[in-house]
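Okay, so here's the structure we're looking at.
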Amino acid sequence: METKTRIVSATFSADLHSKMSKEDMVMISNGENEISAQPDVTAEGKDKDSCDDLKHPRIPGWFAEHCPIWPGQAHFLKVEKILFQGSSKYQSMMVFQSSAYGKVFVLDGALQLTEKDECSYQEMMTHLPLCSIPNPKKVLLIGGGDGGILREISRHSSVEQIHICEIDTMLVDVYKQFFPDIAVGYDDPRVTLHVSDGIAFLVSNAGGNYDAIIVDAFDPIRPDHELFETSFFELVGNALRPGGVLCIQAESIWFDSLDIEKLVTKCRQVFRGSVEYAWTIVPAYPSGVIGFLLCSTEGSPVNFKSPINPIDPNVSYGVAKAPLKFYNSEVHSASFCLPSFAKKVINSKVGSTMNGVGTTATQMT
């Protein structure tokens, strides 16, 4: 599944531009998304471009990310060197060395991860669901082609099968070349890569036998997103065992244009177990935070806020080359604590129905 949502420009100074090949200097465009690599403008050209700069801010030698979803702001990273730029038949990709965040991966103009803070996203998205259920054995990852979530799943010794559904093999290869400590997740012998669209894979694998499904394939989820128009969540529910869990990226609480309330409502209609919203800090993302929606099917009760399957930080298991950097049991529980303004929106929709007994969180006033 490819991302087709953000409008992004990347502008580089003349010295960086001179290191790029002719192929690297062309504009990459995919519908409404855009990545550009341009040299610093001359004084003569600045006046002509001044109006454009107000809409699309540019600082020579810096990568700029801006989007109508979060108007009035842009996120800049200083570029040391462009390491890779190209396109598969699905999406455009760029890797560059930044001054502050290490290597950075950009997909269709959207910053996907940086070496500095990828641990927060990958660890939380994986261990929030897997540490909330006893002895998960079979896990499906939809998207997540970088391999970081695979790396984190591999830390769980109870897991016997790890399936990943990723449609773009070029993306996988780029990550393996430039981010080997993240893509190391593919080295786990329990991993099976299915080169397929996520929805098509779910349709052909509806059997209710996954303990957990992690979805890292949609970004960002707007009110008109395909998730609300298809049976995606129903297909996920059918692929989970009773009491199985889903974790899906669920946007930032700071952007009104991203309708978290609608996403929560949709999940409450499908998943008859628990539905909870958690969040974490990812400094390189536009608002500095990102959310996760955790859901369980009807069956054994799941209390996402209290991990029952903790990871021992003193025990090393799996293919990860380093211990956990961000996640621990305290951070797990704290991630479900919401600021008051977010509680008013989310808690009115979030509740749980455990074995047919419904409970609803109290809304703050």
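Each chain in the structure tokens gets a letter, A, B, ..., in the order shown, and its residues are numbered from 1; ligands are numbered from 1 in order too.
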
>> Residues of stretch 107-328 of chain A classed as strand (DSSP E or B) by DSSP on the backbone are to be reported as a count of residues only.
In response: 54

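When the distance limit is 8 Å and only C-alpha atoms are what count, the residues near A:Ile260, minus those fewer than 4 positions from it on the same chain, are Ala250, Glu251, Ile253, Val264 and Ile346 of chain A.
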
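Between A:Tyr186 and the residues A:Gly318, A:Pro129, A:Gly109, A:Gly288, the shortest atom-to-atom distance, using only C-alpha atoms, involves A:Gly318.
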
> Using the chain letters and numbers from this document, which residues of stretch 70-257 of chain A does DSSP assign to helix (DSSP H, G or I), as number ranges by chain?
Replying inline: A: 118-130, 148-153, 169-178, 180-187, 198-204, 226-228, 232-239

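You can rank A:Ala200, A:Ile308, A:Val289, A:Cys119 by their closest distance to A:Arg151 using only C-alpha atoms, and at the top of that list sits A:Cys119.
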
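Take atom CA of A:Leu141 and atom CA of A:Ala342: the distance between them is 27.9 Å.
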
>> Quick one: residues within 7 Å of A:Val215, only C-alpha atoms, excluding same-chain residues fewer than 4 positions away - as a ChimeraX atom specification?
In response: /A:141-143,247-249

Would you mind exporting the chosen residues as an mmCIF file, in the first residue's frame, restricted to N, CA and C atoms?
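Wrote it out as again.cif, contents follow:
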data_model
loop_
_atom_site.group_PDB
_atom_site.id
_atom_site.type_symbol
_atom_site.label_atom_id
_atom_site.label_comp_id
_atom_site.auth_asym_id
_atom_site.auth_seq_id
_atom_site.Cartn_x
_atom_site.Cartn_y
_atom_site.Cartn_z
ATOM 1 N N LEU A 141 2.085 -8.347 10.127
ATOM 2 C CA LEU A 141 2.409 -6.938 9.932
ATOM 3 C C LEU A 141 2.006 -6.537 8.522
ATOM 4 N N ILE A 142 1.151 -5.522 8.394
ATOM 5 C CA ILE A 142 0.748 -4.996 7.089
ATOM 6 C C ILE A 142 1.471 -3.671 6.889
ATOM 7 N N GLY A 143 2.284 -3.588 5.845
ATOM 8 C CA GLY A 143 3.166 -2.434 5.673
ATOM 9 C C GLY A 143 4.409 -2.639 6.516
ATOM 10 N N CYS A 247 -3.213 -3.159 16.242
ATOM 11 C CA CYS A 247 -2.613 -1.857 16.507
ATOM 12 C C CYS A 247 -2.427 -1.162 15.172
ATOM 13 N N ILE A 248 -2.973 0.057 15.062
ATOM 14 C CA ILE A 248 -2.859 0.826 13.829
ATOM 15 C C ILE A 248 -2.471 2.260 14.168
ATOM 16 N N GLN A 249 -1.630 2.843 13.344
ATOM 17 C CA GLN A 249 -1.238 4.245 13.524
ATOM 18 C C GLN A 249 -2.486 5.120 13.473
#

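Nearest to A:Pro242 of all the residues A:Ala217, A:Met124, A:Val302, A:Val275 is A:Val302, counting only C-alpha atoms.
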
> Could you pull the residues within 7 Å of stretch 131-134 of chain A, counting only C-alpha atoms, minus those fewer than 6 positions along the same chain, as a PyMOL selection string?
Replying inline: chain A and resi 302-304+306-310

If you keep N, CA, C and O atoms, can you produce a file of those selected residues as a JSON list (two decimals), in the first residue's frame?
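That gives us part38.json:
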[["chain", "number", "residue", "atom", "x", "y", "z"],
["A", 302, "VAL", "N", -9.02, -7.94, 27.17],
["A", 302, "VAL", "CA", -7.70, -7.35, 26.99],
["A", 302, "VAL", "C", -7.68, -5.97, 27.63],
["A", 302, "VAL", "O", -8.46, -5.10, 27.24],
["A", 303, "ASN", "N", -6.82, -5.78, 28.60],
["A", 303, "ASN", "CA", -6.63, -4.47, 29.22],
["A", 303, "ASN", "C", -5.32, -3.90, 28.69],
["A", 303, "ASN", "O", -4.25, -4.19, 29.21],
["A", 304, "PHE", "N", -5.41, -3.09, 27.65],
["A", 304, "PHE", "CA", -4.21, -2.58, 27.00],
["A", 304, "PHE", "C", -3.36, -1.70, 27.93],
["A", 304, "PHE", "O", -2.16, -1.58, 27.73],
["A", 306, "SER", "N", -2.52, -2.12, 31.01],
["A", 306, "SER", "CA", -1.70, -2.85, 31.98],
["A", 306, "SER", "C", -1.03, -4.04, 31.31],
["A", 306, "SER", "O", -1.66, -5.08, 31.10],
["A", 307, "PRO", "N", 0.23, -3.90, 30.92],
["A", 307, "PRO", "CA", 0.92, -4.99, 30.21],
["A", 307, "PRO", "C", 1.05, -6.24, 31.07],
["A", 307, "PRO", "O", 1.50, -6.19, 32.22],
["A", 308, "ILE", "N", 0.62, -7.38, 30.51],
["A", 308, "ILE", "CA", 0.70, -8.64, 31.24],
["A", 308, "ILE", "C", 1.79, -9.55, 30.68],
["A", 308, "ILE", "O", 2.03, -10.63, 31.21],
["A", 309, "ASN", "N", 2.42, -9.10, 29.62],
["A", 309, "ASN", "CA", 3.47, -9.90, 28.96],
["A", 309, "ASN", "C", 4.71, -9.03, 28.79],
["A", 309, "ASN", "O", 5.16, -8.76, 27.68],
["A", 310, "PRO", "N", 5.28, -8.56, 29.91],
["A", 310, "PRO", "CA", 6.38, -7.59, 29.82],
["A", 310, "PRO", "C", 7.65, -8.17, 29.22],
["A", 310, "PRO", "O", 7.89, -9.38, 29.29]]

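The closest residue to A:Phe201, picked from A:Thr169, A:Thr230, A:Ser333, A:Leu140 and counting only C-alpha atoms, is A:Leu140.
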